[in-house]
Amino acid sequence: MNTNIWNAARAFVAALRVNDRESATGRVWFRSTRVCPDWCAADHRCTARHGYPSGEHRSRPLTCPTPYGNVVATRTQTINGASHIELRLSAHLDRQEAIAAKQAHLLTQGVDVVARAVMAAELQRAVAGQVRR
Ligand SMILES: [Zn+2]
C-alpha cells in the first residue's frame, strides 16, 4: 500500500476521533448468549435468542443518506461473541463508463484503506490502554 495513502487515511481517522470523545470503560460484560444486547433488534432478525449454533444478534439496519447515495450499517454478534459490522454502500456513478469504472475502483480502494486505518487505530488504542494499567 502506498505510504502517502496510508498516512492520509490515518490522519483522516485521527480527525474523525476529534468528534468522538466517548471512551470505553475497559470493562467486559458477560451475559447469556440468549439475552440480546441493547443494540439488537430482538425480533425475527435475531437468531441467537433461539440458541442456534450459528445464531447471531442483529441490529436494525441504520440507513444514512449521503450526497452520493446511501450507507446501510448493520451490527452483528455471534453467540461466541464475535462482533461485526456489515456496511452496504450504494453510490451514484457517472453515466460515462470510463468515469464510472474509475469511480468504482477508487471508491472501493478508499473504503478499504479507511477501514484498515480505523481498525489499526482501535487496536493501537486498545494495546496502549492495556500497557497503562
Ligand atoms: Zn438478539
# chains A, B, ... in the order shown; residues from 1 in each chain; ligands from 1

call {"tool": "residues_near_ligand", "arguments": {"ligand": "ligand 1", "cutoff": "7 Å", "atoms": "only C-alpha atoms and all ligand atoms", "output": "PyMOL selection string"}}
result
chain A and resi 35-37+40-42+46-49+56-58

call {"tool": "write_last_selection", "arguments": {"atoms": "N, CA and C atoms", "output": "mmCIF file, in the first residue's frame"}}
result
data_model
loop_
_atom_site.group_PDB
_atom_site.id
_atom_site.type_symbol
_atom_site.label_atom_id
_atom_site.label_comp_id
_atom_site.auth_asym_id
_atom_site.auth_seq_id
_atom_site.Cartn_x
_atom_site.Cartn_y
_atom_site.Cartn_z
ATOM 1 N N VAL A 35 -29.576 -13.678 25.758
ATOM 2 C CA VAL A 35 -30.036 -12.338 26.140
ATOM 3 C C VAL A 35 -29.454 -11.342 25.142
ATOM 4 N N CYS A 36 -30.328 -10.584 24.520
ATOM 5 C CA CYS A 36 -29.905 -9.664 23.469
ATOM 6 C C CYS A 36 -29.197 -8.438 24.046
ATOM 7 N N PRO A 37 -28.115 -7.989 23.395
ATOM 8 C CA PRO A 37 -27.518 -6.710 23.783
ATOM 9 C C PRO A 37 -28.480 -5.571 23.436
ATOM 10 N N CYS A 40 -29.415 -4.909 19.751
ATOM 11 C CA CYS A 40 -30.027 -5.970 18.934
ATOM 12 C C CYS A 40 -31.501 -5.645 18.658
ATOM 13 N N ALA A 41 -31.943 -5.954 17.458
ATOM 14 C CA ALA A 41 -33.342 -5.714 17.098
ATOM 15 C C ALA A 41 -34.269 -6.610 17.919
ATOM 16 N N ALA A 42 -33.768 -7.748 18.399
ATOM 17 C CA ALA A 42 -34.534 -8.677 19.244
ATOM 18 C C ALA A 42 -35.860 -9.054 18.596
ATOM 19 N N CYS A 46 -32.916 -11.626 14.836
ATOM 20 C CA CYS A 46 -32.019 -12.199 15.848
ATOM 21 C C CYS A 46 -32.255 -13.703 15.934
ATOM 22 N N THR A 47 -31.216 -14.479 15.626
ATOM 23 C CA THR A 47 -31.330 -15.939 15.730
ATOM 24 C C THR A 47 -30.599 -16.456 16.961
ATOM 25 N N ALA A 48 -29.912 -15.586 17.678
ATOM 26 C CA ALA A 48 -29.196 -16.001 18.888
ATOM 27 C C ALA A 48 -30.169 -16.322 20.015
ATOM 28 N N ARG A 49 -31.301 -15.623 20.037
ATOM 29 C CA ARG A 49 -32.275 -15.833 21.104
ATOM 30 C C ARG A 49 -32.796 -17.254 21.121
ATOM 31 N N GLU A 56 -27.010 -15.429 15.624
ATOM 32 C CA GLU A 56 -26.347 -14.143 15.832
ATOM 33 C C GLU A 56 -27.372 -13.074 16.159
ATOM 34 N N HIS A 57 -26.934 -12.145 16.989
ATOM 35 C CA HIS A 57 -27.738 -10.954 17.259
ATOM 36 C C HIS A 57 -27.549 -10.018 16.077
ATOM 37 N N ARG A 58 -28.613 -9.333 15.681
ATOM 38 C CA ARG A 58 -28.535 -8.390 14.554
ATOM 39 C C ARG A 58 -29.286 -7.110 14.922
#

call {"tool": "residues_around", "arguments": {"residues": "Arg60 (chain A)", "least_positions_apart": "2", "cutoff": "12 Å", "atoms": "only C-alpha atoms", "output": "list in words"}}
result
Asp38, Trp39, Cys40, Ala41, Ala42, Asp43, His44, Arg45, Cys46, His57, Arg58, Leu62, Thr63, Val72, Ala73, Thr74, Arg75, Thr76, Ile85 and Glu86 of chain A

call {"tool": "select_by_dssp", "arguments": {"residues": "chain A", "states": "helix (DSSP H, G or I)", "output": "VMD selection string"}}
result
chain A and resid 3 to 18 48 to 50 97 to 132

call {"tool": "closest_residue", "arguments": {"among": "A:Lys102, A:Arg34, A:His50, A:Arg116", "to": "Phe12 (chain A)", "atoms": "only C-alpha atoms"}}
result
A:Arg116

call {"tool": "residues_around", "arguments": {"residues": "region 90-97 of chain A", "least_positions_apart": "3", "cutoff": "12 Å", "atoms": "only C-alpha atoms", "output": "list in words"}}
result
Thr63, Cys64, Pro65, Thr66, Pro67, Tyr68, Gly69, Asn70, Val71, Val72, Ala73, Leu87, Ala100, Ala101, Lys102, Gln103, Ala104, His105, Leu106, Leu107 and Thr108 of chain A

call {"tool": "closest_residue", "arguments": {"among": "A:Val127, A:Ile79, A:Arg88, A:Ile5", "to": "Pro61 (chain A)", "atoms": "only C-alpha atoms"}}
result
A:Arg88

call {"tool": "closest_residue", "arguments": {"among": "A:Thr78, A:Ala9, A:Ala98, A:Asn4", "to": "Ala115 (chain A)", "atoms": "only C-alpha atoms"}}
result
A:Ala9

call {"tool": "closest_residue", "arguments": {"among": "A:Gly55, A:Gln109, A:Ile99, A:Arg125", "to": "Asn2 (chain A)", "atoms": "only C-alpha atoms"}}
result
A:Gln109

call {"tool": "atom_distance", "arguments": {"atom1": "CA of Val18 (chain A)", "atom2": "CA of Glu122 (chain A)"}}
result
14.1 Å
